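Peer 1: The structure follows.
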Amino acid sequence: MKKLILSAAIVLGTLSMQAGNTIVSKATTQSVQTQDEYKEIDSVPAAVKTGLDNAYPGVKLEKAYVNDKKEYKIDISVRDVKSTVYTDAQGNILKK
């Protein structure tokens with residue numbers, strides 16, 4: 001009987017010893033996206049048209065937008081494939 005009580009005390013003691021507080025720390029990352037405000041325009045400069053014609057033969061301009069930095073966002077279609085291209089005022093293609 002003593003062994004039974006002693007065994008029960010040991011089992012209950014080991015169960016209560018493992019109940020401890022664990023600290024879980026989560027690493028959070030915060031990202032900020034800035035979006036330039038583009039305004040729709042009717043036509044683009046000749047340098048932009050020339051740059052697009054050289055980069056994409058047979059290009060058709062759908063819509064054009066410009067921001068304060070004079071960067072152009074142009075919706076184009078080439079052989080019925082639509083995409084968006086970013087250029088600067090000199091007609092250089094920008095990677096965005």
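Chain labels A, B, ... are given in the sequence in which chains occur in the structure tokens; within each chain residues are numbered consecutively from 1, and ligands are likewise numbered from 1 in the order shown.
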So that I can check the surroundings of Arg79 (chain A), please list as a count of residues only every protein, DNA and RNA residue that reaches within 10 Å of it, counting only C-alpha atoms and ignoring chain neighbours fewer than 2 positions away.
Peer 2: 7
Peer 1: How would you write, as a ChimeraX atom specification, the set of residues in chain A that DSSP gives as strand (DSSP E)?
Peer 2: /A:39-41,59-66,72-78,81-87,93-94
Peer 1: Quick one: write out the picked residues with N, CA, C and O atoms as an mmCIF file, in the first residue's frame?
Peer 2:
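Saved the output as selection23.cif:
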data_model
loop_
_atom_site.group_PDB
_atom_site.id
_atom_site.type_symbol
_atom_site.label_atom_id
_atom_site.label_comp_id
_atom_site.auth_asym_id
_atom_site.auth_seq_id
_atom_site.Cartn_x
_atom_site.Cartn_y
_atom_site.Cartn_z
ATOM 1 N N LYS A 39 -1.723 59.525 -63.446
ATOM 2 C CA LYS A 39 -2.903 60.177 -64.006
ATOM 3 C C LYS A 39 -2.970 59.856 -65.490
ATOM 4 O O LYS A 39 -1.958 59.863 -66.184
ATOM 5 N N GLU A 40 -4.163 59.574 -65.969
ATOM 6 C CA GLU A 40 -4.333 59.196 -67.367
ATOM 7 C C GLU A 40 -4.090 60.399 -68.276
ATOM 8 O O GLU A 40 -4.513 61.510 -67.978
ATOM 9 N N ILE A 41 -3.382 60.138 -69.387
ATOM 10 C CA ILE A 41 -3.100 61.179 -70.368
ATOM 11 C C ILE A 41 -3.555 60.690 -71.742
ATOM 12 O O ILE A 41 -3.770 59.499 -71.958
ATOM 13 N N VAL A 59 3.790 47.249 -81.647
ATOM 14 C CA VAL A 59 3.100 47.587 -80.403
ATOM 15 C C VAL A 59 1.919 48.519 -80.684
ATOM 16 O O VAL A 59 1.957 49.347 -81.601
ATOM 17 N N LYS A 60 0.865 48.358 -79.914
ATOM 18 C CA LYS A 60 -0.301 49.239 -79.981
ATOM 19 C C LYS A 60 -0.555 49.778 -78.584
ATOM 20 O O LYS A 60 -0.719 49.012 -77.636
ATOM 21 N N LEU A 61 -0.569 51.103 -78.446
ATOM 22 C CA LEU A 61 -0.799 51.730 -77.152
ATOM 23 C C LEU A 61 -2.293 51.750 -76.849
ATOM 24 O O LEU A 61 -3.088 52.216 -77.660
ATOM 25 N N GLU A 62 -2.658 51.221 -75.686
ATOM 26 C CA GLU A 62 -4.066 51.200 -75.267
ATOM 27 C C GLU A 62 -4.389 52.422 -74.406
ATOM 28 O O GLU A 62 -5.261 53.201 -74.733
ATOM 29 N N LYS A 63 -3.680 52.556 -73.283
ATOM 30 C CA LYS A 63 -3.865 53.685 -72.360
ATOM 31 C C LYS A 63 -2.498 54.118 -71.858
ATOM 32 O O LYS A 63 -1.573 53.309 -71.771
ATOM 33 N N ALA A 64 -2.392 55.374 -71.465
ATOM 34 C CA ALA A 64 -1.125 55.898 -70.948
ATOM 35 C C ALA A 64 -1.403 56.716 -69.696
ATOM 36 O O ALA A 64 -2.412 57.412 -69.592
ATOM 37 N N TYR A 65 -0.497 56.601 -68.742
ATOM 38 C CA TYR A 65 -0.594 57.322 -67.475
ATOM 39 C C TYR A 65 0.775 57.930 -67.171
ATOM 40 O O TYR A 65 1.799 57.402 -67.593
ATOM 41 N N VAL A 66 0.801 59.025 -66.422
ATOM 42 C CA VAL A 66 2.059 59.664 -66.028
ATOM 43 C C VAL A 66 1.972 60.047 -64.557
ATOM 44 O O VAL A 66 0.895 60.319 -64.032
ATOM 45 N N TYR A 72 6.146 56.971 -67.072
ATOM 46 C CA TYR A 72 4.933 56.623 -67.791
ATOM 47 C C TYR A 72 4.562 55.168 -67.558
ATOM 48 O O TYR A 72 5.418 54.290 -67.596
ATOM 49 N N LYS A 73 3.300 54.942 -67.304
ATOM 50 C CA LYS A 73 2.741 53.592 -67.202
ATOM 51 C C LYS A 73 1.851 53.434 -68.426
ATOM 52 O O LYS A 73 0.878 54.177 -68.597
ATOM 53 N N ILE A 74 2.221 52.479 -69.281
ATOM 54 C CA ILE A 74 1.530 52.371 -70.550
ATOM 55 C C ILE A 74 0.973 50.967 -70.700
ATOM 56 O O ILE A 74 1.703 49.982 -70.585
ATOM 57 N N ASP A 75 -0.326 50.885 -70.954
ATOM 58 C CA ASP A 75 -0.981 49.614 -71.256
ATOM 59 C C ASP A 75 -0.847 49.393 -72.760
ATOM 60 O O ASP A 75 -1.303 50.231 -73.549
ATOM 61 N N ILE A 76 -0.203 48.291 -73.141
ATOM 62 C CA ILE A 76 0.045 48.014 -74.551
ATOM 63 C C ILE A 76 -0.524 46.660 -74.939
ATOM 64 O O ILE A 76 -0.850 45.843 -74.080
ATOM 65 N N SER A 77 -0.620 46.446 -76.237
ATOM 66 C CA SER A 77 -0.956 45.113 -76.737
ATOM 67 C C SER A 77 -0.047 44.840 -77.932
ATOM 68 O O SER A 77 0.149 45.697 -78.793
ATOM 69 N N VAL A 78 0.530 43.655 -77.937
ATOM 70 C CA VAL A 78 1.377 43.198 -79.025
ATOM 71 C C VAL A 78 0.823 41.855 -79.478
ATOM 72 O O VAL A 78 0.829 40.890 -78.707
ATOM 73 N N VAL A 81 -1.707 40.285 -77.197
ATOM 74 C CA VAL A 81 -1.247 40.006 -75.835
ATOM 75 C C VAL A 81 -1.109 41.349 -75.129
ATOM 76 O O VAL A 81 -0.337 42.206 -75.557
ATOM 77 N N LYS A 82 -1.876 41.521 -74.058
ATOM 78 C CA LYS A 82 -1.874 42.795 -73.337
ATOM 79 C C LYS A 82 -0.908 42.744 -72.169
ATOM 80 O O LYS A 82 -0.775 41.723 -71.499
ATOM 81 N N SER A 83 -0.233 43.869 -71.915
ATOM 82 C CA SER A 83 0.660 43.980 -70.766
ATOM 83 C C SER A 83 0.820 45.453 -70.416
ATOM 84 O O SER A 83 0.336 46.336 -71.124
ATOM 85 N N THR A 84 1.524 45.692 -69.314
ATOM 86 C CA THR A 84 1.781 47.044 -68.842
ATOM 87 C C THR A 84 3.280 47.269 -68.819
ATOM 88 O O THR A 84 4.036 46.432 -68.317
ATOM 89 N N VAL A 85 3.709 48.406 -69.360
ATOM 90 C CA VAL A 85 5.123 48.753 -69.454
ATOM 91 C C VAL A 85 5.330 50.094 -68.775
ATOM 92 O O VAL A 85 4.500 50.994 -68.894
ATOM 93 N N TYR A 86 6.448 50.233 -68.077
ATOM 94 C CA TYR A 86 6.809 51.482 -67.427
ATOM 95 C C TYR A 86 8.022 52.070 -68.147
ATOM 96 O O TYR A 86 8.995 51.356 -68.397
ATOM 97 N N THR A 87 7.966 53.354 -68.490
ATOM 98 C CA THR A 87 9.081 54.022 -69.158
ATOM 99 C C THR A 87 9.336 55.362 -68.496
ATOM 100 O O THR A 87 8.496 55.887 -67.756
ATOM 101 N N ILE A 93 12.888 51.747 -70.914
ATOM 102 C CA ILE A 93 11.995 50.828 -70.205
ATOM 103 C C ILE A 93 12.469 50.701 -68.760
ATOM 104 O O ILE A 93 13.645 50.461 -68.500
ATOM 105 N N LEU A 94 11.552 50.854 -67.805
ATOM 106 C CA LEU A 94 11.865 50.739 -66.378
ATOM 107 C C LEU A 94 11.402 49.393 -65.863
ATOM 108 O O LEU A 94 10.382 48.871 -66.290
#
Peer 1: Would you mind reading off the distance between CA of Ala46 (chain A) and CA of Asp68 (chain A), one decimal, in Å?
Peer 2: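 Here the two named atoms are 18.8 Å from each other.
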Peer 1: Determine which residues of chain A DSSP labels as helix (DSSP H, G or I) from the backbone of this structure, then write them out as a PyMOL selection string.
Peer 2: chain A and resi 2-17+46-55
Peer 1: Keeping only N, CA and C atoms, take the residues you just selected and write them out as a PDB file, in the first residue's frame.
Peer 2:
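Produced file out.pdb, reproduced below:
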ATOM      1  N   LYS A   2       1.982   1.219   0.734  1.00  0.00           N
ATOM      2  CA  LYS A   2       2.876   2.369   0.763  1.00  0.00           C
ATOM      3  C   LYS A   2       3.451   2.614  -0.631  1.00  0.00           C
ATOM      4  N   LYS A   3       3.770   1.538  -1.339  1.00  0.00           N
ATOM      5  CA  LYS A   3       4.335   1.686  -2.674  1.00  0.00           C
ATOM      6  C   LYS A   3       3.315   2.304  -3.634  1.00  0.00           C
ATOM      7  N   LEU A   4       2.074   1.956  -3.465  1.00  0.00           N
ATOM      8  CA  LEU A   4       1.029   2.493  -4.324  1.00  0.00           C
ATOM      9  C   LEU A   4       0.853   3.990  -4.102  1.00  0.00           C
ATOM     10  N   ILE A   5       0.855   4.399  -2.850  1.00  0.00           N
ATOM     11  CA  ILE A   5       0.707   5.816  -2.531  1.00  0.00           C
ATOM     12  C   ILE A   5       1.944   6.581  -2.991  1.00  0.00           C
ATOM     13  N   LEU A   6       3.124   6.010  -2.788  1.00  0.00           N
ATOM     14  CA  LEU A   6       4.365   6.637  -3.210  1.00  0.00           C
ATOM     15  C   LEU A   6       4.410   6.767  -4.743  1.00  0.00           C
ATOM     16  N   SER A   7       3.977   5.739  -5.428  1.00  0.00           N
ATOM     17  CA  SER A   7       3.952   5.772  -6.896  1.00  0.00           C
ATOM     18  C   SER A   7       2.975   6.834  -7.389  1.00  0.00           C
ATOM     19  N   ALA A   8       1.818   6.938  -6.773  1.00  0.00           N
ATOM     20  CA  ALA A   8       0.837   7.944  -7.159  1.00  0.00           C
ATOM     21  C   ALA A   8       1.380   9.350  -6.911  1.00  0.00           C
ATOM     22  N   ALA A   9       2.073   9.562  -5.808  1.00  0.00           N
ATOM     23  CA  ALA A   9       2.655  10.862  -5.485  1.00  0.00           C
ATOM     24  C   ALA A   9       3.724  11.235  -6.515  1.00  0.00           C
ATOM     25  N   ILE A  10       4.547  10.275  -6.928  1.00  0.00           N
ATOM     26  CA  ILE A  10       5.606  10.549  -7.903  1.00  0.00           C
ATOM     27  C   ILE A  10       4.998  10.893  -9.262  1.00  0.00           C
ATOM     28  N   VAL A  11       3.988  10.131  -9.667  1.00  0.00           N
ATOM     29  CA  VAL A  11       3.348  10.388 -10.954  1.00  0.00           C
ATOM     30  C   VAL A  11       2.689  11.762 -10.957  1.00  0.00           C
ATOM     31  N   LEU A  12       1.955  12.079  -9.904  1.00  0.00           N
ATOM     32  CA  LEU A  12       1.310  13.388  -9.835  1.00  0.00           C
ATOM     33  C   LEU A  12       2.328  14.515  -9.726  1.00  0.00           C
ATOM     34  N   GLY A  13       3.430  14.270  -9.063  1.00  0.00           N
ATOM     35  CA  GLY A  13       4.479  15.282  -8.939  1.00  0.00           C
ATOM     36  C   GLY A  13       5.159  15.560 -10.266  1.00  0.00           C
ATOM     37  N   THR A  14       5.393  14.509 -11.059  1.00  0.00           N
ATOM     38  CA  THR A  14       6.038  14.737 -12.355  1.00  0.00           C
ATOM     39  C   THR A  14       5.098  15.422 -13.332  1.00  0.00           C
ATOM     40  N   LEU A  15       3.806  15.167 -13.233  1.00  0.00           N
ATOM     41  CA  LEU A  15       2.861  15.841 -14.119  1.00  0.00           C
ATOM     42  C   LEU A  15       2.776  17.321 -13.815  1.00  0.00           C
ATOM     43  N   SER A  16       2.832  17.686 -12.557  1.00  0.00           N
ATOM     44  CA  SER A  16       2.716  19.092 -12.199  1.00  0.00           C
ATOM     45  C   SER A  16       4.022  19.840 -12.449  1.00  0.00           C
ATOM     46  N   MET A  17       5.143  19.163 -12.516  1.00  0.00           N
ATOM     47  CA  MET A  17       6.416  19.840 -12.751  1.00  0.00           C
ATOM     48  C   MET A  17       6.560  20.259 -14.215  1.00  0.00           C
ATOM     49  N   ALA A  46       7.150  61.688 -78.148  1.00  0.00           N
ATOM     50  CA  ALA A  46       7.671  60.927 -79.288  1.00  0.00           C
ATOM     51  C   ALA A  46       8.790  59.988 -78.855  1.00  0.00           C
ATOM     52  N   ALA A  47       9.597  60.384 -77.870  1.00  0.00           N
ATOM     53  CA  ALA A  47      10.693  59.532 -77.405  1.00  0.00           C
ATOM     54  C   ALA A  47      10.155  58.244 -76.779  1.00  0.00           C
ATOM     55  N   VAL A  48       9.048  58.339 -76.089  1.00  0.00           N
ATOM     56  CA  VAL A  48       8.432  57.156 -75.472  1.00  0.00           C
ATOM     57  C   VAL A  48       7.883  56.232 -76.555  1.00  0.00           C
ATOM     58  N   LYS A  49       7.217  56.808 -77.558  1.00  0.00           N
ATOM     59  CA  LYS A  49       6.701  55.994 -78.666  1.00  0.00           C
ATOM     60  C   LYS A  49       7.838  55.286 -79.399  1.00  0.00           C
ATOM     61  N   THR A  50       8.935  56.007 -79.649  1.00  0.00           N
ATOM     62  CA  THR A  50      10.077  55.417 -80.341  1.00  0.00           C
ATOM     63  C   THR A  50      10.692  54.296 -79.512  1.00  0.00           C
ATOM     64  N   GLY A  51      10.830  54.503 -78.203  1.00  0.00           N
ATOM     65  CA  GLY A  51      11.381  53.480 -77.323  1.00  0.00           C
ATOM     66  C   GLY A  51      10.525  52.226 -77.299  1.00  0.00           C
ATOM     67  N   LEU A  52       9.214  52.395 -77.295  1.00  0.00           N
ATOM     68  CA  LEU A  52       8.312  51.245 -77.304  1.00  0.00           C
ATOM     69  C   LEU A  52       8.351  50.518 -78.646  1.00  0.00           C
ATOM     70  N   ASP A  53       8.420  51.278 -79.756  1.00  0.00           N
ATOM     71  CA  ASP A  53       8.495  50.648 -81.071  1.00  0.00           C
ATOM     72  C   ASP A  53       9.780  49.836 -81.228  1.00  0.00           C
ATOM     73  N   ASN A  54      10.877  50.334 -80.658  1.00  0.00           N
ATOM     74  CA  ASN A  54      12.149  49.611 -80.740  1.00  0.00           C
ATOM     75  C   ASN A  54      12.126  48.356 -79.859  1.00  0.00           C
ATOM     76  N   ALA A  55      11.511  48.459 -78.695  1.00  0.00           N
ATOM     77  CA  ALA A  55      11.494  47.325 -77.764  1.00  0.00           C
ATOM     78  C   ALA A  55      10.450  46.279 -78.153  1.00  0.00           C
TER      79      ALA A  55
END
Peer 1: I want to know what sits within 12 Å of Lys69 (chain A), based on only C-alpha atoms, with residues of the same chain fewer than 5 positions away left out; could you give that as JSON, numbers by chain?
Peer 2: {"A": [36, 37, 38, 39, 87, 88, 89]}
